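One file, input-v1.pdb, carrying PDB, C-alpha atoms:
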ATOM      1  CA  MET A 956     345.951  -9.267  15.153
ATOM      2  CA  ILE A 957     342.258 -10.104  15.025
ATOM      3  CA  LYS A 958     341.164 -12.282  12.123
ATOM      4  CA  PHE A 959     337.625 -11.483  11.027
ATOM      5  CA  TYR A 960     335.833 -14.152   8.992
ATOM      6  CA  TYR A 961     333.448 -12.151   6.866
ATOM      7  CA  ARG A 962     330.831 -12.198   4.164
ATOM      8  CA  PRO A 963     328.501  -9.336   3.149
ATOM      9  CA  ALA A 964     325.465 -10.039   5.340
ATOM     10  CA  PRO A 965     323.733  -8.414   8.338
ATOM     11  CA  ASN A 966     325.503 -10.252  11.152
ATOM     12  CA  PRO A 967     329.070  -9.786   9.866
ATOM     13  CA  ALA A 968     328.229  -6.119   9.157
ATOM     14  CA  LYS A 969     327.707  -5.542  12.894
ATOM     15  CA  VAL A 970     331.220  -6.735  13.663
ATOM     16  CA  ALA A 971     332.695  -4.758  10.780
ATOM     17  CA  LEU A 972     331.111  -1.628  12.224
ATOM     18  CA  PHE A 973     332.602  -2.218  15.662
ATOM     19  CA  LEU A 974     336.057  -2.919  14.243
ATOM     20  CA  GLU A 975     335.937   0.262  12.182
ATOM     21  CA  GLU A 976     334.585   2.347  15.055
ATOM     22  CA  SER A 977     337.156   1.070  17.546
ATOM     23  CA  GLY A 978     340.212   1.294  15.326
ATOM     24  CA  LEU A 979     341.321  -2.212  16.299
ATOM     25  CA  PRO A 980     343.696  -3.678  13.707
ATOM     26  CA  TYR A 981     342.146  -6.641  11.949
ATOM     27  CA  GLU A 982     342.552  -8.905   8.949
ATOM     28  CA  VAL A 983     339.555  -9.909   6.873
ATOM     29  CA  VAL A 984     339.224 -13.550   5.864
ATOM     30  CA  PRO A 985     336.457 -13.685   3.240
ATOM     31  CA  VAL A 986     334.125 -16.687   3.371
ATOM     32  CA  ASP A 987     332.039 -17.199   0.240
ATOM     33  CA  THR A 988     328.959 -19.030   1.468
ATOM     34  CA  ARG A 989     327.484 -19.404  -2.021
ATOM     35  CA  LYS A 990     330.506 -21.546  -2.847
ATOM     36  CA  GLY A 991     330.163 -23.579   0.340
ATOM     37  CA  GLU A 992     333.342 -22.301   1.978
ATOM     38  CA  GLN A 993     331.593 -22.221   5.371
ATOM     39  CA  PHE A 994     331.620 -26.023   5.364
ATOM     40  CA  ALA A 995     335.377 -26.392   4.811
ATOM     41  CA  PRO A 996     336.983 -28.349   7.684
ATOM     42  CA  ASP A 997     339.309 -25.467   8.584
ATOM     43  CA  PHE A 998     336.365 -23.105   8.979
ATOM     44  CA  VAL A 999     334.165 -25.559  10.875
ATOM     45  CA  ALA A1000     337.060 -26.053  13.293
ATOM     46  CA  ILE A1001     336.743 -22.340  14.115
ATOM     47  CA  ASN A1002     332.951 -22.228  14.146
ATOM     48  CA  PRO A1003     331.215 -25.593  14.541
ATOM     49  CA  ASN A1004     327.978 -23.934  13.398
ATOM     50  CA  GLY A1005     329.509 -23.175  10.004
ATOM     51  CA  LYS A1006     328.389 -19.541   9.880
ATOM     52  CA  THR A1007     329.915 -16.090   9.743
ATOM     53  CA  PRO A1008     330.921 -13.963  11.546
ATOM     54  CA  VAL A1009     333.737 -15.424  13.593
ATOM     55  CA  ILE A1010     336.835 -13.782  15.000
ATOM     56  CA  THR A1011     340.059 -15.160  16.344
ATOM     57  CA  ASP A1012     342.153 -13.018  18.663
ATOM     58  CA  GLY A1013     345.347 -14.891  19.393
ATOM     59  CA  ASP A1014     344.209 -18.137  20.967
ATOM     60  CA  VAL A1015     340.685 -16.796  21.573
ATOM     61  CA  ARG A1016     337.874 -17.860  19.239
ATOM     62  CA  VAL A1017     334.499 -16.098  19.364
ATOM     63  CA  PHE A1018     331.548 -16.893  17.125
ATOM     64  CA  ASP A1019     328.039 -15.400  16.944
ATOM     65  CA  SER A1020     327.772 -11.681  16.278
ATOM     66  CA  THR A1021     326.355 -10.789  19.698
ATOM     67  CA  ALA A1022     329.103 -12.682  21.508
ATOM     68  CA  ILE A1023     331.701 -10.960  19.335
ATOM     69  CA  LEU A1024     330.311  -7.491  20.041
ATOM     70  CA  LEU A1025     330.330  -8.149  23.777
ATOM     71  CA  TYR A1026     333.847  -9.580  23.650
ATOM     72  CA  LEU A1027     335.253  -6.662  21.673
ATOM     73  CA  ALA A1028     333.452  -4.048  23.762
ATOM     74  CA  GLU A1029     334.762  -5.565  26.982
ATOM     75  CA  LYS A1030     338.251  -5.960  25.480
ATOM     76  CA  THR A1031     338.439  -2.305  24.501
ATOM     77  CA  GLY A1032     336.142  -0.722  27.076
ATOM     78  CA  LYS A1033     334.376   1.074  24.225
ATOM     79  CA  PHE A1034     330.727   1.506  23.200
ATOM     80  CA  LEU A1035     329.323   0.190  26.471
ATOM     81  CA  PRO A1036     326.726   1.989  28.601
ATOM     82  CA  GLU A1037     327.612   3.277  32.036
ATOM     83  CA  ASN A1038     328.771   0.589  34.428
ATOM     84  CA  THR A1039     325.634   0.111  36.523
ATOM     85  CA  PRO A1040     323.411  -2.953  36.924
ATOM     86  CA  LYS A1041     320.475  -1.043  35.426
ATOM     87  CA  ALA A1042     322.373   0.075  32.328
ATOM     88  CA  ARG A1043     323.911  -3.363  31.816
ATOM     89  CA  GLY A1044     320.491  -4.969  32.158
ATOM     90  CA  GLU A1045     319.118  -2.691  29.447
ATOM     91  CA  MET A1046     322.075  -3.397  27.174
ATOM     92  CA  LEU A1047     321.817  -7.165  27.550
ATOM     93  CA  SER A1048     318.040  -7.115  27.092
ATOM     94  CA  TRP A1049     318.196  -5.186  23.831
ATOM     95  CA  LEU A1050     321.127  -7.214  22.522
ATOM     96  CA  MET A1051     319.229 -10.447  23.135
ATOM     97  CA  PHE A1052     316.047  -8.994  21.656
ATOM     98  CA  ILE A1053     317.959  -8.255  18.459
ATOM     99  CA  SER A1054     319.691 -11.626  18.372
ATOM    100  CA  SER A1055     316.634 -13.729  19.232
ATOM    101  CA  GLY A1056     313.928 -11.629  17.567
ATOM    102  CA  ILE A1057     315.065  -9.183  14.911
ATOM    103  CA  GLY A1058     317.649 -11.501  13.359
ATOM    104  CA  PRO A1059     315.736 -14.804  13.159
ATOM    105  CA  TYR A1060     312.409 -13.291  12.104
ATOM    106  CA  SER A1061     314.061 -11.035   9.534
ATOM    107  CA  GLY A1062     316.027 -13.940   8.115
ATOM    108  CA  GLN A1063     312.959 -16.128   7.812
ATOM    109  CA  ALA A1064     310.903 -13.276   6.360
ATOM    110  CA  VAL A1065     313.528 -12.852   3.651
ATOM    111  CA  HIS A1066     313.676 -16.579   2.996
ATOM    112  CA  PHE A1067     309.936 -17.063   2.562
ATOM    113  CA  LYS A1068     309.533 -13.820   0.615
ATOM    114  CA  HIS A1069     312.447 -14.206  -1.793
ATOM    115  CA  HIS A1070     313.656 -17.823  -1.858
ATOM    116  CA  ALA A1071     311.044 -20.362  -0.739
ATOM    117  CA  PRO A1072     308.731 -22.112  -3.214
ATOM    118  CA  LYS A1073     305.567 -20.176  -4.035
ATOM    119  CA  GLY A1074     302.353 -21.067  -2.272
ATOM    120  CA  LEU A1075     303.640 -20.936   1.326
ATOM    121  CA  ASP A1076     301.531 -17.888   2.089
ATOM    122  CA  TYR A1077     300.951 -18.679   5.752
ATOM    123  CA  ALA A1078     304.689 -18.881   6.496
ATOM    124  CA  ALA A1079     305.468 -15.772   4.457
ATOM    125  CA  ASP A1080     302.735 -13.775   6.190
ATOM    126  CA  ARG A1081     303.678 -15.052   9.648
ATOM    127  CA  TYR A1082     307.343 -14.059   9.399
ATOM    128  CA  ALA A1083     306.645 -10.742   7.684
ATOM    129  CA  PHE A1084     304.153  -9.836  10.427
ATOM    130  CA  GLU A1085     306.555 -10.731  13.216
ATOM    131  CA  ALA A1086     309.494  -8.978  11.569
ATOM    132  CA  ARG A1087     307.420  -5.825  11.170
ATOM    133  CA  ARG A1088     306.290  -6.073  14.804
ATOM    134  CA  HIS A1089     309.890  -6.372  15.993
ATOM    135  CA  TYR A1090     311.026  -3.348  13.990
ATOM    136  CA  GLY A1091     308.074  -1.443  15.436
ATOM    137  CA  ILE A1092     309.442  -2.158  18.916
ATOM    138  CA  LEU A1093     312.786  -0.635  17.902
ATOM    139  CA  ASP A1094     310.963   2.377  16.462
ATOM    140  CA  ALA A1095     309.088   2.887  19.733
ATOM    141  CA  GLN A1096     312.268   2.545  21.789
ATOM    142  CA  LEU A1097     313.847   5.387  19.822
ATOM    143  CA  ALA A1098     311.322   7.789  21.341
ATOM    144  CA  THR A1099     313.623   7.753  24.400
ATOM    145  CA  GLY A1100     316.603   9.335  22.647
ATOM    146  CA  PRO A1101     318.726   9.441  19.508
ATOM    147  CA  PHE A1102     320.121   5.930  20.086
ATOM    148  CA  LEU A1103     318.604   2.681  21.303
ATOM    149  CA  LEU A1104     319.865   3.093  24.866
ATOM    150  CA  GLY A1105     319.156   6.816  24.949
ATOM    151  CA  ALA A1106     321.891   9.398  24.512
ATOM    152  CA  ALA A1107     324.857   7.039  24.090
ATOM    153  CA  TYR A1108     325.873   5.186  20.930
ATOM    154  CA  THR A1109     326.634   1.591  21.951
ATOM    155  CA  ILE A1110     327.027  -1.939  20.680
ATOM    156  CA  VAL A1111     323.229  -2.206  20.790
ATOM    157  CA  ASP A1112     323.075   0.295  17.917
ATOM    158  CA  MET A1113     325.766  -1.611  16.041
ATOM    159  CA  SER A1114     323.870  -4.860  16.498
ATOM    160  CA  ALA A1115     320.605  -3.390  15.208
ATOM    161  CA  TRP A1116     322.321  -1.581  12.326
ATOM    162  CA  GLY A1117     323.301  -4.839  10.667
ATOM    163  CA  TRP A1118     319.643  -5.723  10.085
ATOM    164  CA  VAL A1119     317.935  -2.328   9.892
ATOM    165  CA  ARG A1120     319.952  -1.506   6.752
ATOM    166  CA  ALA A1121     317.919  -4.234   5.035
ATOM    167  CA  VAL A1122     314.422  -3.194   6.153
ATOM    168  CA  PRO A1123     313.113  -2.388   2.625
ATOM    169  CA  PHE A1124     314.325  -5.785   1.369
ATOM    170  CA  ILE A1125     312.761  -7.525   4.370
ATOM    171  CA  LEU A1126     309.449  -5.649   4.651
ATOM    172  CA  GLY A1127     309.018  -3.837   1.350
ATOM    173  CA  ASP A1128     309.785  -0.412  -0.075
ATOM    174  CA  ASP A1129     307.001   1.270   1.919
ATOM    175  CA  ALA A1130     308.296   0.130   5.309
ATOM    176  CA  TRP A1131     309.919   3.412   6.287
ATOM    177  CA  SER A1132     306.581   5.245   6.191
ATOM    178  CA  THR A1133     305.568   3.380   9.359
ATOM    179  CA  LEU A1134     308.984   3.481  11.051
ATOM    180  CA  PRO A1135     309.995   7.156  11.041
ATOM    181  CA  ARG A1136     312.143   7.106  14.172
ATOM    182  CA  LEU A1137     313.971   4.009  12.991
ATOM    183  CA  LYS A1138     314.680   5.657   9.632
ATOM    184  CA  ARG A1139     315.988   8.774  11.365
ATOM    185  CA  TRP A1140     318.239   6.584  13.525
ATOM    186  CA  LEU A1141     319.500   4.640  10.511
ATOM    187  CA  ASP A1142     320.425   7.859   8.706
ATOM    188  CA  LEU A1143     322.270   8.989  11.839
ATOM    189  CA  VAL A1144     324.321   5.790  12.064
ATOM    190  CA  ASN A1145     324.888   5.593   8.302
ATOM    191  CA  ALA A1146     326.451   9.063   8.395
ATOM    192  CA  ARG A1147     329.219   7.886  10.716
ATOM    193  CA  PRO A1148     332.541   7.457   8.843
ATOM    194  CA  ALA A1149     332.994   4.004  10.384
ATOM    195  CA  ALA A1150     329.628   2.893   8.954
ATOM    196  CA  VAL A1151     330.666   4.100   5.508
ATOM    197  CA  ARG A1152     333.899   2.090   5.788
ATOM    198  CA  ALA A1153     332.058  -0.989   7.073
ATOM    199  CA  GLU A1154     329.616  -0.829   4.144
ATOM    200  CA  ALA A1155     332.510  -0.460   1.686
ATOM    201  CA  LEU A1156     334.206  -3.592   2.986
ATOM    202  CA  LYS A1157     332.212  -5.837   0.658
ATOM    203  CA  GLU A1158     333.607  -4.013  -2.378
ATOM    204  CA  ARG A1159     337.154  -5.058  -1.500
ATOM    205  CA  TYR A1160     336.466  -8.750  -2.012
ATOM    206  CA  THR A1161     334.842 -10.852  -4.696
ATOM    207  CA  PHE A1162     331.890 -12.942  -3.622
ATOM    208  CA  LYS A1163     329.631 -15.043  -5.788
ATOM    209  CA  THR A1164     326.355 -13.204  -6.409
ATOM    210  CA  GLU A1165     324.399 -15.706  -8.513
ATOM    211  CA  MET A1166     321.674 -17.671  -6.757
ATOM    212  CA  ASP A1167     322.207 -20.687  -9.012
ATOM    213  CA  THR A1168     321.909 -24.397  -8.283
ATOM    214  CA  GLU A1169     325.265 -24.522  -6.528
ATOM    215  CA  ALA A1170     324.439 -21.548  -4.297
ATOM    216  CA  ARG A1171     321.018 -22.918  -3.370
ATOM    217  CA  ARG A1172     322.585 -26.289  -2.532
ATOM    218  CA  HIS A1173     325.003 -24.629  -0.115
ATOM    219  CA  LEU A1174     322.594 -22.078   1.396
ATOM    220  CA  PHE A1175     319.505 -24.281   1.632
ATOM    221  CA  ARG A1176     320.961 -27.636   2.561
ATOM    222  CA  HIS A1177     317.613 -29.008   3.708
ATOM    223  CA  THR A1178     316.630 -29.313   0.046
ATOM    224  CA  GLU A1179     319.442 -31.836  -0.400
ATOM    225  CA  ALA A1180     318.532 -33.956   2.615
ATOM    226  CA  PRO A1181     317.482 -37.545   1.823
TER     227      PRO A1181
END

Now, as a test, write the supplied structure out as structure tokens.
Amino acid sequence: MIKFYYRPAPNPAKVALFLEESGLPYEVVPVDTRKGEQFAPDFVAINPNGKTPVITDGDVRVFDSTAILLYLAEKTGKFLPENTPKARGEMLSWLMFISSGIGPYSGQAVHFKHHAPKGLDYAADRYAFEARRHYGILDAQLATGPFLLGAAYTIVDMSAWGWVRAVPFILGDDAWSTLPRLKRWLDLVNARPAAVRAEALKERYTFKTEMDTEARRHLFRHTEAP
């Protein structure tokens, strides 16, 4: 059975959605990052980067959410576009755009908006601008069809869903007014029973919610560097 190392965050949410959509049996292993469990030797042995998500599938270990989605899609033959070079090129391009653009810029936008010391206006503005630009690209792409690759629901949609759920937290409560196609798409994916189950996963486990000194020490380790 697949073991799924999970915490409630955008990247693990992508994998949770695939697992729920596919019906693959899996066991959740909660990792409480605000308690520093991602740095435990047993976990680092599975993912040397010390981050969730990770899966193990027998003797196979896969870390990074994009790698996991590709692995599971190829394992099951589900949620892939048609098997042509053109369709695969589109899929890989959008997956990498999400993993190298949407994810990093959204994460940094959140950090400088909600967690960094005050007064770093340039950094906050830079990441907010780039995050908004990236989501605008997704919004424009959705003019081609109901899903990001057109008519078919694929792992590209699952990958984007992890982050798009958090758009108001990342960009502000007014963000949807400028991203109407993206909001329509999000409502479409959110209505899927598998998405409801994936969202509910976090309620089954207890994770630390306080952003206290201990949590900041584990999440922002650069502040502890000599």

Query raised in the report: Which polymer residues, protein or nucleic acid, are no farther than 9 Å from (334.0, -9.9, 1.8), counting all atoms listed in the file, as JSON, numbers by chain?
Result: {"A": [960, 961, 962, 963, 983, 984, 985, 986, 987, 1156, 1157, 1158, 1159, 1160, 1161, 1162]}

Okay, now the selection with C-alpha atoms, as a compact mmCIF listing (two decimals), in the frame of the given file?
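To be explicit, this is the file written out as out38.txt:
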# COMPACT_ATOMS: atom_id res chain seq x y z
CA TYR A 960 335.83 -14.15 8.99
CA TYR A 961 333.45 -12.15 6.87
CA ARG A 962 330.83 -12.20 4.16
CA PRO A 963 328.50 -9.34 3.15
CA VAL A 983 339.56 -9.91 6.87
CA VAL A 984 339.22 -13.55 5.86
CA PRO A 985 336.46 -13.68 3.24
CA VAL A 986 334.12 -16.69 3.37
CA ASP A 987 332.04 -17.20 0.24
CA LEU A 1156 334.21 -3.59 2.99
CA LYS A 1157 332.21 -5.84 0.66
CA GLU A 1158 333.61 -4.01 -2.38
CA ARG A 1159 337.15 -5.06 -1.50
CA TYR A 1160 336.47 -8.75 -2.01
CA THR A 1161 334.84 -10.85 -4.70
CA PHE A 1162 331.89 -12.94 -3.62

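Between Arg1088 in chain A and the candidates A:Gly1074, A:Gly978, A:Gly1056, A:Gly1100, the tightest atom-to-atom separation, counting all atoms listed in the file, involves A:Gly1056.
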
Produce the centre coordinates and the three edge lengths, each in Å to one decimal, of the box along x, y and z that contains all listed atoms of range 1114-1125 of chain A with 4 Å added on each side, as JSON.
{"center_x": 318.3, "center_y": -4.5, "center_z": 8.9, "size_x": 19.1, "size_y": 14.0, "size_z": 23.1}

Query raised in the report: Got a sec: who's within 12 Å of Ala1079 in chain A, counting all atoms listed in the file, leaving out chain neighbours fewer than 5 positions off, as number ranges by chain?
Result: A: 1060-1074, 1084-1086, 1125-1126

Residues from last step as file, C-alpha atoms, as a PDB file, in the frame of the given file:
ATOM      1  CA  TYR A1060     312.409 -13.291  12.104  1.00  0.00           C
ATOM      2  CA  SER A1061     314.061 -11.035   9.534  1.00  0.00           C
ATOM      3  CA  GLY A1062     316.027 -13.940   8.115  1.00  0.00           C
ATOM      4  CA  GLN A1063     312.959 -16.128   7.812  1.00  0.00           C
ATOM      5  CA  ALA A1064     310.903 -13.276   6.360  1.00  0.00           C
ATOM      6  CA  VAL A1065     313.528 -12.852   3.651  1.00  0.00           C
ATOM      7  CA  HIS A1066     313.676 -16.579   2.996  1.00  0.00           C
ATOM      8  CA  PHE A1067     309.936 -17.063   2.562  1.00  0.00           C
ATOM      9  CA  LYS A1068     309.533 -13.820   0.615  1.00  0.00           C
ATOM     10  CA  HIS A1069     312.447 -14.206  -1.793  1.00  0.00           C
ATOM     11  CA  HIS A1070     313.656 -17.823  -1.858  1.00  0.00           C
ATOM     12  CA  ALA A1071     311.044 -20.362  -0.739  1.00  0.00           C
ATOM     13  CA  PRO A1072     308.731 -22.112  -3.214  1.00  0.00           C
ATOM     14  CA  LYS A1073     305.567 -20.176  -4.035  1.00  0.00           C
ATOM     15  CA  GLY A1074     302.353 -21.067  -2.272  1.00  0.00           C
ATOM     16  CA  PHE A1084     304.153  -9.836  10.427  1.00  0.00           C
ATOM     17  CA  GLU A1085     306.555 -10.731  13.216  1.00  0.00           C
ATOM     18  CA  ALA A1086     309.494  -8.978  11.569  1.00  0.00           C
ATOM     19  CA  ILE A1125     312.761  -7.525   4.370  1.00  0.00           C
ATOM     20  CA  LEU A1126     309.449  -5.649   4.651  1.00  0.00           C
TER      21      LEU A1126
END

Requested in this report: Might you spell out which residues the PyMOL selection byres ((chain A and resi 1016-1024) around 8) would select in the displayed file, as JSON, numbers by chain?
Outcome: {"A": [966, 967, 969, 970, 973, 1001, 1002, 1007, 1008, 1009, 1010, 1011, 1012, 1014, 1015, 1025, 1026, 1027, 1028, 1050, 1051, 1054, 1110, 1114]}

Query - CA of Thr1109 in chain A to CA of Phe1034 in chain A, distance in Å rounded to a single decimal - result: 4.3 Å

Query raised in the report: Which of these residues is nearest to Phe1102 in chain A, using only C-alpha atoms: A:Gly991, A:Gly1117, A:Pro1036, A:Pro965?
Result: A:Pro1036

Requested in this report: Between A:Met1113, A:Ala1106, A:Met956, A:Ala1000, single out the one closest to Asn1145 in chain A, counting only C-alpha atoms.
Outcome: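 The closest residue to Asn1145 in chain A is A:Met1113.
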
Would you mind putting back N, CA and C atoms on range 995-1018 of chain A, then writing it out as a short mmCIF file (atom, residue, chain, number, x, y, z; two decimals), keeping the file's coordinate frame?
data_model
loop_
_atom_site.label_atom_id
_atom_site.label_comp_id
_atom_site.auth_asym_id
_atom_site.auth_seq_id
_atom_site.Cartn_x
_atom_site.Cartn_y
_atom_site.Cartn_z
N ALA A 995 334.01 -25.88 4.88
CA ALA A 995 335.38 -26.39 4.81
C ALA A 995 335.84 -26.79 6.21
N PRO A 996 336.57 -27.89 6.35
CA PRO A 996 336.98 -28.35 7.68
C PRO A 996 337.72 -27.29 8.49
N ASP A 997 338.56 -26.49 7.85
CA ASP A 997 339.31 -25.47 8.58
C ASP A 997 338.38 -24.42 9.18
N PHE A 998 337.30 -24.09 8.45
CA PHE A 998 336.36 -23.10 8.98
C PHE A 998 335.49 -23.70 10.07
N VAL A 999 335.01 -24.91 9.87
CA VAL A 999 334.16 -25.56 10.88
C VAL A 999 334.94 -25.77 12.18
N ALA A 1000 336.25 -25.93 12.08
CA ALA A 1000 337.06 -26.05 13.29
C ALA A 1000 337.04 -24.76 14.10
N ILE A 1001 336.82 -23.63 13.42
CA ILE A 1001 336.74 -22.34 14.12
C ILE A 1001 335.32 -22.09 14.60
N ASN A 1002 334.35 -22.37 13.75
CA ASN A 1002 332.95 -22.23 14.15
C ASN A 1002 332.21 -23.51 13.82
N PRO A 1003 331.90 -24.33 14.81
CA PRO A 1003 331.22 -25.59 14.54
C PRO A 1003 329.84 -25.41 13.92
N ASN A 1004 329.28 -24.20 14.02
CA ASN A 1004 327.98 -23.93 13.40
C ASN A 1004 328.10 -23.60 11.92
N GLY A 1005 329.30 -23.42 11.42
CA GLY A 1005 329.51 -23.18 10.00
C GLY A 1005 328.90 -21.89 9.50
N LYS A 1006 328.97 -20.82 10.30
CA LYS A 1006 328.39 -19.54 9.88
C LYS A 1006 329.36 -18.40 10.18
N THR A 1007 329.21 -17.32 9.42
CA THR A 1007 329.92 -16.09 9.74
C THR A 1007 328.96 -15.18 10.52
N PRO A 1008 329.51 -14.28 11.36
CA PRO A 1008 330.92 -13.96 11.55
C PRO A 1008 331.57 -14.81 12.63
N VAL A 1009 332.89 -14.85 12.56
CA VAL A 1009 333.74 -15.42 13.59
C VAL A 1009 334.96 -14.52 13.69
N ILE A 1010 335.52 -14.42 14.88
CA ILE A 1010 336.84 -13.78 15.00
C ILE A 1010 337.75 -14.71 15.77
N THR A 1011 339.04 -14.59 15.48
CA THR A 1011 340.06 -15.16 16.34
C THR A 1011 340.96 -14.02 16.79
N ASP A 1012 341.33 -14.06 18.05
CA ASP A 1012 342.15 -13.02 18.66
C ASP A 1012 343.24 -13.73 19.45
N GLY A 1013 344.35 -14.02 18.79
CA GLY A 1013 345.35 -14.89 19.39
C GLY A 1013 344.78 -16.28 19.54
N ASP A 1014 344.76 -16.79 20.77
CA ASP A 1014 344.21 -18.14 20.97
C ASP A 1014 342.74 -18.11 21.37
N VAL A 1015 342.11 -16.94 21.25
CA VAL A 1015 340.68 -16.80 21.57
C VAL A 1015 339.87 -16.92 20.30
N ARG A 1016 338.81 -17.72 20.34
CA ARG A 1016 337.87 -17.86 19.24
C ARG A 1016 336.51 -17.42 19.74
N VAL A 1017 335.84 -16.54 18.99
CA VAL A 1017 334.50 -16.10 19.36
C VAL A 1017 333.62 -16.17 18.13
N PHE A 1018 332.52 -16.88 18.21
CA PHE A 1018 331.55 -16.89 17.12
C PHE A 1018 330.19 -16.44 17.64
#
